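*Asks:* Got entry.txt for you, compact mmCIF, C-alpha atoms:
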# COMPACT_ATOMS: atom_id res chain seq x y z
CA MET D 1 0.00 0.00 0.00
CA GLN D 2 0.98 3.67 -0.27
CA CYS D 3 1.83 6.00 2.60
CA LYS D 4 -1.05 8.39 3.22
CA LYS D 5 1.36 11.31 3.39
CA CYS D 6 4.34 10.79 1.05
CA ARG D 7 2.83 8.04 -1.18
CA ALA D 8 5.85 5.74 -0.73
CA GLN D 9 5.25 1.99 -1.03
CA ILE D 10 5.05 0.37 2.42
CA PRO D 11 3.92 -3.04 3.75
CA ASP D 12 0.15 -3.52 4.07
CA ASP D 13 0.38 -3.99 7.83
CA ALA D 14 2.71 -1.02 8.46
CA VAL D 15 1.69 1.30 11.29
CA PHE D 16 4.24 3.99 10.39
CA CYS D 17 5.85 4.94 7.08
CA HIS D 18 9.54 3.92 7.01
CA ARG D 19 10.25 6.97 4.82
CA CYS D 20 8.42 9.93 6.41
CA GLY D 21 7.29 8.43 9.71
CA ALA D 22 3.61 9.29 9.21
CA LYS D 23 1.14 7.18 11.18
CA GLN D 24 -1.05 5.08 8.89
CA THR D 25 -3.85 3.98 11.25
CA LEU D 26 -6.95 6.10 11.83
CA SER D 27 -7.39 7.80 15.18
CA CYS D 28 -10.18 6.44 17.31
CA ARG D 29 -11.03 9.98 18.41
CA PRO D 30 -14.37 11.03 16.92
CA LYS D 31 -14.16 13.71 14.30
CA SER D 32 -15.27 17.13 15.48
CA ARG D 33 -17.86 19.08 13.56
CA GLY D 34 -16.41 21.21 10.81
CA ASN D 35 -17.03 24.89 10.24
CA GLY D 36 -20.56 25.73 9.24
CA GLN D 37 -22.15 22.59 10.70
CA GLY D 38 -23.55 24.34 13.75
CA SER D 39 -22.95 24.50 17.48
CA ALA D 40 -24.67 23.59 20.74
CA TYR D 41 -24.71 25.91 23.76
CA GLN D 42 -25.99 25.60 27.29
CA LEU D 43 -28.41 28.33 28.35
CA PRO D 44 -28.57 29.92 31.80
CA ASN D 45 -31.54 27.70 32.66
CA LYS D 46 -29.30 24.61 32.02
CA SER D 47 -31.15 23.57 28.86
CA TRP D 48 -29.32 23.34 25.53
CA ILE D 49 -29.82 25.21 22.27
CA ALA D 50 -28.79 24.14 18.75
CA VAL D 51 -27.68 26.97 16.44
CA VAL D 52 -26.66 26.96 12.78
CA THR D 53 -25.43 29.89 10.69
CA LEU D 54 -27.36 30.54 7.49
CA GLY D 55 -25.39 33.54 6.27
CA TYR D 56 -24.47 37.13 7.03
CA THR D 57 -25.83 40.60 6.36
CA ILE D 58 -24.19 44.03 6.61
CA ASP D 59 -26.06 47.05 7.95
CA GLU D 60 -25.75 50.71 6.94
CA ALA D 61 -22.89 51.24 9.40
CA GLY D 62 -20.85 48.43 7.83
CA LYS D 63 -21.30 46.03 10.76
CA LYS D 64 -21.69 42.36 9.92
CA HIS D 65 -24.64 40.53 11.48
CA ARG D 66 -24.95 36.74 11.53
CA LEU D 67 -28.20 35.20 10.36
CA THR D 68 -28.94 32.09 12.37
CA ARG D 69 -31.58 29.43 12.86
CA SER D 70 -31.92 27.85 16.28
CA LYS D 71 -33.97 25.46 18.38
CA SER D 72 -33.85 25.38 22.16
CA GLY D 73 -35.21 23.25 24.99
CA PHE D 74 -32.91 20.23 24.66
CA LYS D 75 -32.08 18.41 27.90
CA THR D 76 -28.57 17.32 26.86
CA LYS D 77 -25.82 18.48 24.55
CA ARG D 78 -26.09 15.19 22.66
CA ASP D 79 -29.74 15.94 21.81
CA ALA D 80 -28.87 19.47 20.65
CA VAL D 81 -26.00 18.24 18.44
CA ALA D 82 -28.23 15.56 16.92
CA ALA D 83 -30.71 18.26 15.87
CA LEU D 84 -28.11 20.32 13.96
CA PRO D 85 -28.42 18.58 10.56
CA ALA D 86 -32.17 18.99 10.52
CA LEU D 87 -31.80 22.68 11.33
CA ARG D 88 -29.12 23.26 8.74
CA TYR D 89 -30.69 21.39 5.85
CA ALA D 90 -34.30 22.31 6.48
CA PRO D 91 -35.80 24.25 3.57
CA LYS D 92 -34.59 27.81 3.89
CA PRO D 93 -37.41 30.29 4.24
CA LYS D 94 -37.60 33.22 1.88
CA LYS D 95 -35.39 36.05 3.03
CA ALA D 96 -37.42 38.19 5.39
CA PRO D 97 -36.85 41.89 4.59
CA THR D 98 -36.04 44.46 7.22
CA LEU D 99 -38.20 47.49 7.87
CA LYS D 100 -35.71 49.67 5.97
CA GLU D 101 -35.60 47.30 2.99
CA THR D 102 -39.40 47.30 2.82
CA TYR D 103 -39.47 51.11 3.03
CA ASP D 104 -36.88 51.43 0.26
CA LYS D 105 -39.03 49.27 -2.02
CA TRP D 106 -42.24 51.10 -1.14
CA ILE D 107 -41.20 54.75 -1.33
CA PRO D 108 -40.55 54.81 -5.12
CA THR D 109 -43.97 53.26 -5.75
CA HIS D 110 -45.95 55.79 -3.71
CA ARG D 111 -47.66 58.42 -5.79
CA ALA D 112 -47.67 61.74 -3.99
CA GLY D 113 -46.25 65.23 -4.28
CA LYS D 114 -42.65 66.02 -3.37
CA SER D 115 -43.74 67.78 -0.17
CA THR D 116 -45.69 64.73 1.02
CA ILE D 117 -42.84 62.35 0.16
CA ASP D 118 -40.38 64.57 2.04
CA ASN D 119 -42.68 64.52 5.07
CA TYR D 120 -42.77 60.71 5.02
CA LYS D 121 -38.98 60.53 4.68
CA ALA D 122 -38.57 62.83 7.68
CA ALA D 123 -41.13 60.89 9.73
CA PHE D 124 -39.56 57.52 8.89
CA ARG D 125 -36.26 58.63 10.50
CA TYR D 126 -37.90 58.33 13.92
CA PHE D 127 -38.36 54.61 13.32
CA LYS D 128 -34.60 54.18 12.84
CA PRO D 129 -34.15 52.05 16.00
CA LEU D 130 -36.14 49.39 14.09
CA TRP D 131 -34.69 49.87 10.60
CA TYR D 132 -32.48 46.79 10.56
CA TYR D 133 -34.88 44.37 12.19
CA ARG D 134 -37.00 42.02 10.14
CA LEU D 135 -40.46 43.37 9.46
CA ALA D 136 -41.94 40.07 10.67
CA ASP D 137 -40.21 40.43 14.06
CA ILE D 138 -41.53 43.91 14.81
CA GLU D 139 -44.52 44.13 17.12
CA ILE D 140 -46.95 46.89 17.97
CA ASP D 141 -45.09 47.75 21.19
CA ASP D 142 -41.87 48.34 19.25
CA LEU D 143 -43.57 50.76 16.87
CA GLN D 144 -45.46 52.48 19.67
CA ASP D 145 -42.20 52.96 21.59
CA CYS D 146 -40.78 54.86 18.61
CA MET D 147 -43.93 56.98 18.50
CA ASP D 148 -43.75 57.71 22.21
CA ASP D 149 -40.04 58.57 21.96
CA CYS D 150 -40.54 61.09 19.17
CA PRO D 151 -40.10 64.59 20.66
CA ARG D 152 -41.68 66.43 17.76
CA SER D 153 -45.16 67.80 17.37
CA LYS D 154 -48.35 65.83 17.14
CA SER D 155 -48.29 66.51 13.41
CA THR D 156 -44.95 64.70 13.00
CA GLN D 157 -46.25 61.71 14.93
CA GLU D 158 -49.36 61.61 12.76
CA LYS D 159 -47.07 61.49 9.71
CA MET D 160 -45.14 58.62 11.36
CA LYS D 161 -48.38 56.72 11.79
CA ALA D 162 -49.42 57.39 8.19
CA CYS D 163 -46.00 56.44 6.81
CA ILE D 164 -45.74 53.11 8.65
CA GLY D 165 -49.35 52.31 7.71
CA LEU D 166 -48.56 52.79 4.03
CA ILE D 167 -45.49 50.57 4.34
CA TYR D 168 -47.64 47.77 5.75
CA LYS D 169 -50.24 48.29 3.01
CA TYR D 170 -47.42 47.72 0.54
CA ALA D 171 -46.10 44.68 2.42
CA ILE D 172 -49.32 42.74 3.06
CA PRO D 173 -50.31 41.82 -0.54
CA ARG D 174 -46.69 40.83 -1.19
CA GLY D 175 -46.71 38.32 1.66
CA LEU D 176 -44.27 40.33 3.81
CA ALA D 177 -46.75 41.01 6.61
CA THR D 178 -50.21 39.87 7.66
CA VAL D 179 -51.54 42.78 9.73
CA ASN D 180 -51.28 46.53 9.21
CA LEU D 181 -49.86 47.54 12.59
CA GLY D 182 -49.84 51.19 11.57
CA GLN D 183 -53.58 51.51 12.07
CA TYR D 184 -53.20 50.57 15.74
CA LEU D 185 -50.59 53.21 16.63
CA TYR D 186 -51.53 56.06 18.94
CA VAL D 187 -50.22 59.60 18.77
CA ASN D 188 -48.88 60.92 22.09
CA GLY D 189 -51.69 62.26 24.22
CA GLU D 190 -54.06 59.53 23.06
CA ALA D 191 -52.38 56.48 24.57
CA GLY D 192 -49.71 58.03 26.79
CA ASN D 193 -46.02 57.26 27.07
CA LYS D 194 -44.55 54.05 28.40
CA ASP D 195 -43.81 53.97 32.11
CA GLY D 196 -40.43 53.32 33.63
CA LEU D 197 -40.05 50.25 35.82
CA PRO D 198 -40.96 50.83 39.48
CA MET D 199 -38.04 51.04 41.90
CA ASP D 200 -39.10 47.84 43.70
CA ALA D 201 -39.07 46.03 40.35
CA LEU D 202 -35.61 47.41 39.65
CA ALA D 203 -34.41 46.12 43.04
CA ALA D 204 -35.86 42.68 42.28
CA ILE D 205 -34.09 42.57 38.91
CA GLN D 206 -30.80 43.56 40.54
CA LYS D 207 -31.20 40.78 43.10
CA ALA D 208 -31.95 38.27 40.32
CA VAL D 209 -28.68 38.87 38.43
CA GLY D 210 -26.85 35.58 38.17
CA THR D 211 -29.91 33.45 38.92
CA VAL D 212 -32.59 34.49 36.40
CA PRO D 213 -31.65 34.59 32.68
CA TYR D 214 -31.01 38.05 31.24
CA ALA D 215 -31.58 39.94 34.49
CA ASP D 216 -28.09 41.36 33.93
CA TYR D 217 -29.00 42.64 30.44
CA VAL D 218 -32.15 44.40 31.64
CA LEU D 219 -30.44 45.90 34.69
CA ALA D 220 -27.62 47.19 32.50
CA GLN D 221 -30.09 48.85 30.14
CA CYS D 222 -31.79 50.57 33.08
CA TYR D 223 -28.46 52.09 34.15
CA LEU D 224 -27.18 52.92 30.65
CA GLY D 225 -30.32 54.48 29.18
CA PHE D 226 -29.82 53.12 25.67
CA ARG D 227 -32.78 52.23 23.52
CA PRO D 228 -33.17 48.43 23.09
CA SER D 229 -31.73 48.49 19.57
CA GLU D 230 -28.84 50.70 20.71
CA LEU D 231 -28.06 48.33 23.59
CA LEU D 232 -28.00 45.27 21.33
CA ALA D 233 -25.77 47.10 18.82
CA LEU D 234 -23.05 47.86 21.40
CA ASP D 235 -19.76 46.27 20.40
CA ALA D 236 -16.72 45.57 22.57
CA ARG D 237 -14.94 48.15 20.41
CA ASP D 238 -17.41 50.75 21.70
CA TYR D 239 -16.23 50.31 25.30
CA ASP D 240 -13.36 52.37 26.72
CA ARG D 241 -11.93 50.29 29.56
CA GLN D 242 -9.86 53.15 30.93
CA GLN D 243 -12.72 55.63 31.05
CA ARG D 244 -15.29 52.90 31.80
CA ALA D 245 -17.67 54.33 29.23
CA PHE D 246 -19.54 53.29 26.09
CA THR D 247 -19.79 55.30 22.90
CA GLY D 248 -22.98 54.36 21.14
CA GLY D 249 -26.42 55.42 20.06
CA SER D 250 -28.55 55.62 16.96
CA LYS D 251 -27.04 57.16 13.86
CA THR D 252 -29.46 60.08 14.11
CA ASP D 253 -29.52 63.50 15.70
CA ALA D 254 -31.13 61.85 18.73
CA GLY D 255 -27.91 61.01 20.51
CA ARG D 256 -25.55 59.94 17.75
CA ASP D 257 -22.39 58.30 19.16
CA ARG D 258 -22.97 59.69 22.62
CA VAL D 259 -20.72 58.83 25.55
CA VAL D 260 -22.40 56.98 28.42
CA THR D 261 -20.35 56.28 31.53
CA VAL D 262 -21.00 53.05 33.43
CA SER D 263 -22.62 53.18 36.87
CA PRO D 264 -20.78 51.27 39.64
CA LYS D 265 -23.99 49.27 40.14
CA ILE D 266 -23.52 47.53 36.80
CA GLN D 267 -19.72 47.74 36.44
CA PRO D 268 -19.23 44.05 37.38
CA ILE D 269 -21.77 43.06 34.73
CA ILE D 270 -20.03 45.10 32.04
CA ASP D 271 -16.61 43.78 33.04
CA ARG D 272 -17.89 40.21 32.72
CA LEU D 273 -19.71 40.75 29.43
CA VAL D 274 -16.86 42.61 27.76
CA GLY D 275 -14.15 40.41 29.27
CA ASN D 276 -11.18 40.12 26.93
CA LYS D 277 -13.21 40.72 23.79
CA ILE D 278 -11.56 42.85 21.14
CA SER D 279 -14.75 43.03 19.11
CA GLY D 280 -18.20 41.47 19.00
CA PRO D 281 -21.57 42.28 20.57
CA VAL D 282 -21.53 42.92 24.30
CA PHE D 283 -25.17 41.97 24.89
CA CYS D 284 -25.14 38.95 22.62
CA ALA D 285 -27.22 35.86 21.90
CA PRO D 286 -26.18 32.52 23.48
CA ASP D 287 -24.00 31.69 20.47
CA GLY D 288 -22.16 35.01 20.64
CA SER D 289 -23.95 36.58 17.67
CA THR D 290 -25.97 39.79 17.75
CA MET D 291 -29.19 39.31 19.71
CA GLY D 292 -32.33 40.22 17.82
CA ILE D 293 -34.93 42.59 19.19
CA LYS D 294 -37.54 39.80 19.19
CA ALA D 295 -35.36 37.56 21.37
CA TYR D 296 -34.56 40.40 23.76
CA ARG D 297 -38.21 41.38 24.02
CA GLU D 298 -39.17 37.79 24.87
CA ALA D 299 -36.36 37.61 27.45
CA PHE D 300 -37.57 40.86 29.01
CA TYR D 301 -41.16 39.65 29.39
CA ALA D 302 -39.99 36.25 30.68
CA LEU D 303 -37.85 37.99 33.32
CA LEU D 304 -40.74 40.11 34.61
CA GLN D 305 -42.95 37.03 34.76
CA ALA D 306 -40.30 34.97 36.58
CA LEU D 307 -39.91 37.72 39.20
CA GLY D 308 -43.65 38.20 39.63
CA ILE D 309 -43.51 41.79 38.38
CA SER D 310 -46.96 42.78 37.18
CA ASN D 311 -47.03 43.85 33.54
CA PRO D 312 -50.66 44.55 32.66
CA VAL D 313 -51.74 44.25 29.04
CA THR D 314 -54.17 46.78 27.61
CA VAL D 315 -56.30 45.80 24.63
CA ARG D 316 -57.22 48.62 22.25
CA ASP D 317 -58.84 47.98 18.89
CA GLY D 318 -58.06 44.30 19.27
CA MET D 319 -54.30 44.86 19.79
CA GLU D 320 -52.39 44.16 23.01
CA TYR D 321 -50.15 46.81 24.54
CA HIS D 322 -47.84 45.99 27.44
CA LYS D 323 -47.44 48.47 30.27
CA TYR D 324 -43.72 47.73 30.42
CA THR D 325 -41.57 46.96 27.38
CA PRO D 326 -37.78 46.91 26.94
CA HIS D 327 -38.07 50.61 26.08
CA SER D 328 -39.29 51.20 29.65
CA CYS D 329 -35.69 50.73 30.81
CA ARG D 330 -34.82 54.00 29.07
CA HIS D 331 -37.56 55.76 31.02
CA THR D 332 -36.25 54.11 34.19
CA PHE D 333 -32.83 55.62 33.50
CA ALA D 334 -34.39 59.08 33.15
CA THR D 335 -36.29 58.58 36.41
CA LEU D 336 -33.08 57.58 38.22
CA MET D 337 -31.38 60.75 37.02
CA LYS D 338 -34.10 62.92 38.57
CA GLY D 339 -32.61 62.22 41.99
CA VAL D 340 -29.09 63.28 40.97
CA ASN D 341 -28.04 66.89 41.47
CA ALA D 342 -26.28 67.65 38.20
CA PRO D 343 -26.66 70.07 35.25
CA ASP D 344 -29.55 69.30 32.93
CA LYS D 345 -27.24 69.49 29.91
CA ASP D 346 -25.18 66.59 31.30
CA LYS D 347 -28.30 64.53 31.86
CA LEU D 348 -29.58 65.27 28.36
CA ARG D 349 -26.19 64.35 26.88
CA LEU D 350 -26.32 60.97 28.63
CA ILE D 351 -29.78 60.08 27.41
CA GLY D 352 -29.36 61.67 23.97
CA HIS D 353 -31.19 64.85 23.04
CA THR D 354 -33.29 64.99 19.90
CA SER D 355 -32.58 68.56 18.78
CA THR D 356 -29.60 69.14 16.47
CA GLU D 357 -29.08 72.64 17.83
CA MET D 358 -29.25 71.50 21.45
CA LEU D 359 -26.97 68.56 20.76
CA ARG D 360 -24.31 70.91 19.40
CA HIS D 361 -24.78 73.06 22.49
CA TYR D 362 -24.07 70.06 24.72
CA GLN D 363 -20.90 68.94 22.95
CA ASP D 364 -18.68 70.71 25.52
CA VAL D 365 -19.79 68.24 28.23
CA ASP D 366 -16.77 66.44 29.70
CA ILE D 367 -16.67 62.82 30.80
CA GLU D 368 -16.20 63.73 34.47
CA GLY D 369 -19.54 65.52 34.43
CA LEU D 370 -21.21 62.43 32.99
CA ARG D 371 -19.50 60.15 35.53
CA LYS D 372 -20.76 62.32 38.40
CA ILE D 373 -24.29 61.41 37.39
CA THR D 374 -23.87 57.68 36.76
CA ASP D 375 -21.82 57.23 39.94
CA ALA D 376 -24.70 58.69 41.92
CA LEU D 377 -27.45 56.56 40.39
Kindly transcribe the structure held in the file into structure tokens.
*Replies:*
Amino acid sequence: MQCKKCRAQIPDDAVFCHRCGAKQTLSCRPKSRGNGQGSAYQLPNKSWIAVVTLGYTIDEAGKKHRLTRSKSGFKTKRDAVAALPALRYAPKPKKAPTLKETYDKWIPTHRAGKSTIDNYKAAFRYFKPLWYYRLADIEIDDLQDCMDDCPRSKSTQEKMKACIGLIYKYAIPRGLATVNLGQYLYVNGEAGNKDGLPMDALAAIQKAVGTVPYADYVLAQCYLGFRPSELLALDARDYDRQQRAFTGGSKTDAGRDRVVTVSPKIQPIIDRLVGNKISGPVFCAPDGSTMGIKAYREAFYALLQALGISNPVTVRDGMEYHKYTPHSCRHTFATLMKGVNAPDKDKLRLIGHTSTEMLRHYQDVDIEGLRKITDAL
């Protein structure tokens, strides 16, 4: 027979090649899974999840996001690994477009005057926290949070409602959506803003860190003040270990690349999540990829339920609205700052002001002024 390495002729029963010394027998060690075949991870609740990578997408900022398919609830790693082939080779669903992709396809088809189109373009900017999430994953609470967070006039919010409604009217007959969520949105003053989490709920979440899944993520959001999408977009590269501060925020006038110092109450959490990472999402999914807004929303509601925190659901026009959503953590952050004696401009810089003129006015804020606030939270 021939040597497996150098192809020299060797006896049939040879264990090693007399020429190159290569071992000829197969190792009894089982072959590990190759790249792209999937992985199995243990979740905080001790169950296992099977995850396969389907591909990648790149957002407007140039960041790469992994597209995955997963199935959880397995009792053992063996069960999760056994499920990987079925996940990987299952028929791939049609690519689900993001909100921004759907908007980009709709806007050229809409027949209206230039003034009206410009109004829709301006209104759509306030939905930017949801731009890069799949249209199918967006729920009424997510859209309503954007409406409630818009600081402009009632007229602007009415244009937001009209714009998103037209996007859904475009999407439904094309099989991209099933319900026009735009018709269920409320302009501020009709439904009211989301509430921040009560202080006793915040204390319960803090106590649950390390024992209840994702309590650390929610607590961190309450003390950082980022919108849910901003929190999930934070990368290890955005964290300054020396200054103990993040630079992040939506790519809009509402707090673009703002500096947010880390409160001592969540510093251990941030240290653990960032660890030795050079890059990669800080608040990530179990497999280390970027966590989607749908998964984070579900984790948020599951946390409140596990801790017995009441989260009433209001039904209006047949749609359910939660009293507390992940966006409530941002309101909690603002409530915490009320008890800190510090200049308003520092507080507004931390949470991200919506006015371009005011934002420029606040650019002289130094990091020590920001730290004074977060240290006192």
*Asks:* For atom CA of D:Asn119 and atom CA of D:Tyr103, determine how far apart the two atoms are, in Å to one decimal place.
*Replies:*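 Separation of atom CA of D:Asn119 and atom CA of D:Tyr103: 13.9 Å.
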*Asks:* Can I get the residues of stretch 186-279 of chain D within 10 Å of stretch 289-309 of chain D, each with the closest pair of atoms and their distance in Å to one decimal, using all atoms listed in the file, sorted chain first then ascending number, as a Markdown table?
*Replies:*
| residue | atom | partner | partner_atom | distance |
| --- | --- | --- | --- | --- |
| D:Leu197 | CA | D:Ile309 | CA | 9.5 |
| D:Pro198 | CA | D:Ile309 | CA | 9.5 |
| D:Asp200 | CA | D:Ile309 | CA | 9.2 |
| D:Ala201 | CA | D:Ile309 | CA | 6.4 |
| D:Leu202 | CA | D:Ile309 | CA | 9.8 |
| D:Ala204 | CA | D:Leu307 | CA | 7.1 |
| D:Ile205 | CA | D:Leu307 | CA | 7.6 |
| D:Ala208 | CA | D:Leu307 | CA | 8.1 |
| D:Val212 | CA | D:Leu303 | CA | 7.0 |
| D:Pro213 | CA | D:Leu303 | CA | 7.1 |
| D:Tyr214 | CA | D:Ala299 | CA | 6.6 |
| D:Ala215 | CA | D:Leu303 | CA | 6.7 |
| D:Tyr217 | CA | D:Phe300 | CA | 8.9 |
| D:Val218 | CA | D:Phe300 | CA | 7.0 |
| D:Pro228 | CA | D:Ile293 | CA | 7.2 |
| D:Ser229 | CA | D:Ile293 | CA | 6.7 |
| D:Leu231 | CA | D:Met291 | CA | 9.9 |
| D:Leu232 | CA | D:Met291 | CA | 6.3 |
| D:Ala233 | CA | D:Thr290 | CA | 7.4 |
| D:Leu234 | CA | D:Thr290 | CA | 9.3 |
| D:Asp235 | CA | D:Thr290 | CA | 9.4 |
*Asks:* For each of D:Ala80, D:Leu377, D:Ala123, D:Ile269, take the minimum atom-to-atom distance to D:Ser155, counting only C-alpha atoms, then give the residue where this is smallest.
*Replies:*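 Of D:Ala80, D:Leu377, D:Ala123, D:Ile269, the one nearest D:Ser155, counting only C-alpha atoms, is D:Ala123.
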*Asks:* Can you tell me how far atom CA of D:Tyr126 sits from atom CA of D:Arg258, in Å to one decimal?
*Replies:*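 Taking atom CA of D:Tyr126 as the start and atom CA of D:Arg258 as the end point, the length is 17.3 Å.
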*Asks:* Fewer than 6 positions away in the same chain doesn't count, so skip those; otherwise give me all residues within 7 Å of D:Ser39, counting all atoms listed in the file, as a CSV table (one decimal) with C-alpha atoms, in the coordinates of the input.
*Replies:*
chain,number,residue,atom,x,y,z
D,50,ALA,CA,-28.8,24.1,18.8
D,51,VAL,CA,-27.7,27.0,16.4
D,52,VAL,CA,-26.7,27.0,12.8
*Asks:* Within 12 Å of D:Gly175, counting only C-alpha atoms, which residues show up once you throw out same-chain ones fewer than 5 positions away? Write them as a ChimeraX atom specification, please.
*Replies:* /D:94-97,102,135-136,168-170
*Asks:* What is the distance, in Å and to one decimal place, between atom CA of D:Val260 and atom CA of D:Leu336?
*Replies:* 14.5 Å
*Asks:* Which residue is closest to D:Gly182? Choose from D:Asp142, D:Asp375, D:Asp137, D:Glu368 and count all atoms listed in the file.
*Replies:*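 With all atoms listed in the file as the atom set, the closest residue is D:Asp142.
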*Asks:* Applying 10 Å and only C-alpha atoms, which residues near D:Arg7 remain after dropping the ones on its own chain fewer than 3 positions away? List them as a PyMOL selection string.
*Replies:* chain D and resi 1-4+10+17+19-20
*Asks:* Hey, what's within 9 Å of D:Tyr186 if we count only C-alpha atoms and toss same-chain stuff fewer than 6 positions away? As an NGL selection string, please?
*Replies:* :D and (144 or 147-148 or 157-158 or 161 or 192)
*Asks:* Which is closest to D:Arg125 among D:Val315, D:Thr156, D:Lys265, D:Lys105, if we use all atoms listed in the file?
*Replies:*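 Of D:Val315, D:Thr156, D:Lys265, D:Lys105, the one nearest D:Arg125 is D:Thr156, counting all atoms listed in the file.
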*Asks:* Compile the contact shell of D:Gly275 as a list of chain:residue names: residues with an atom at most 12 Å away, counting all atoms listed in the file, same-chain residues fewer than 6 positions apart removed.
*Replies:* D:Ala236, D:Arg237, D:Tyr239, D:Arg241, D:Gln267, D:Pro268, D:Ile269, D:Pro281, D:Val282, D:Phe283
*Asks:* Find the residue from D:Val259, D:Leu176, D:Val81, D:Ala40 that sits nearest to D:Glu101; use only C-alpha atoms when measuring.
*Replies:*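 Closest to D:Glu101, using only C-alpha atoms: D:Leu176.
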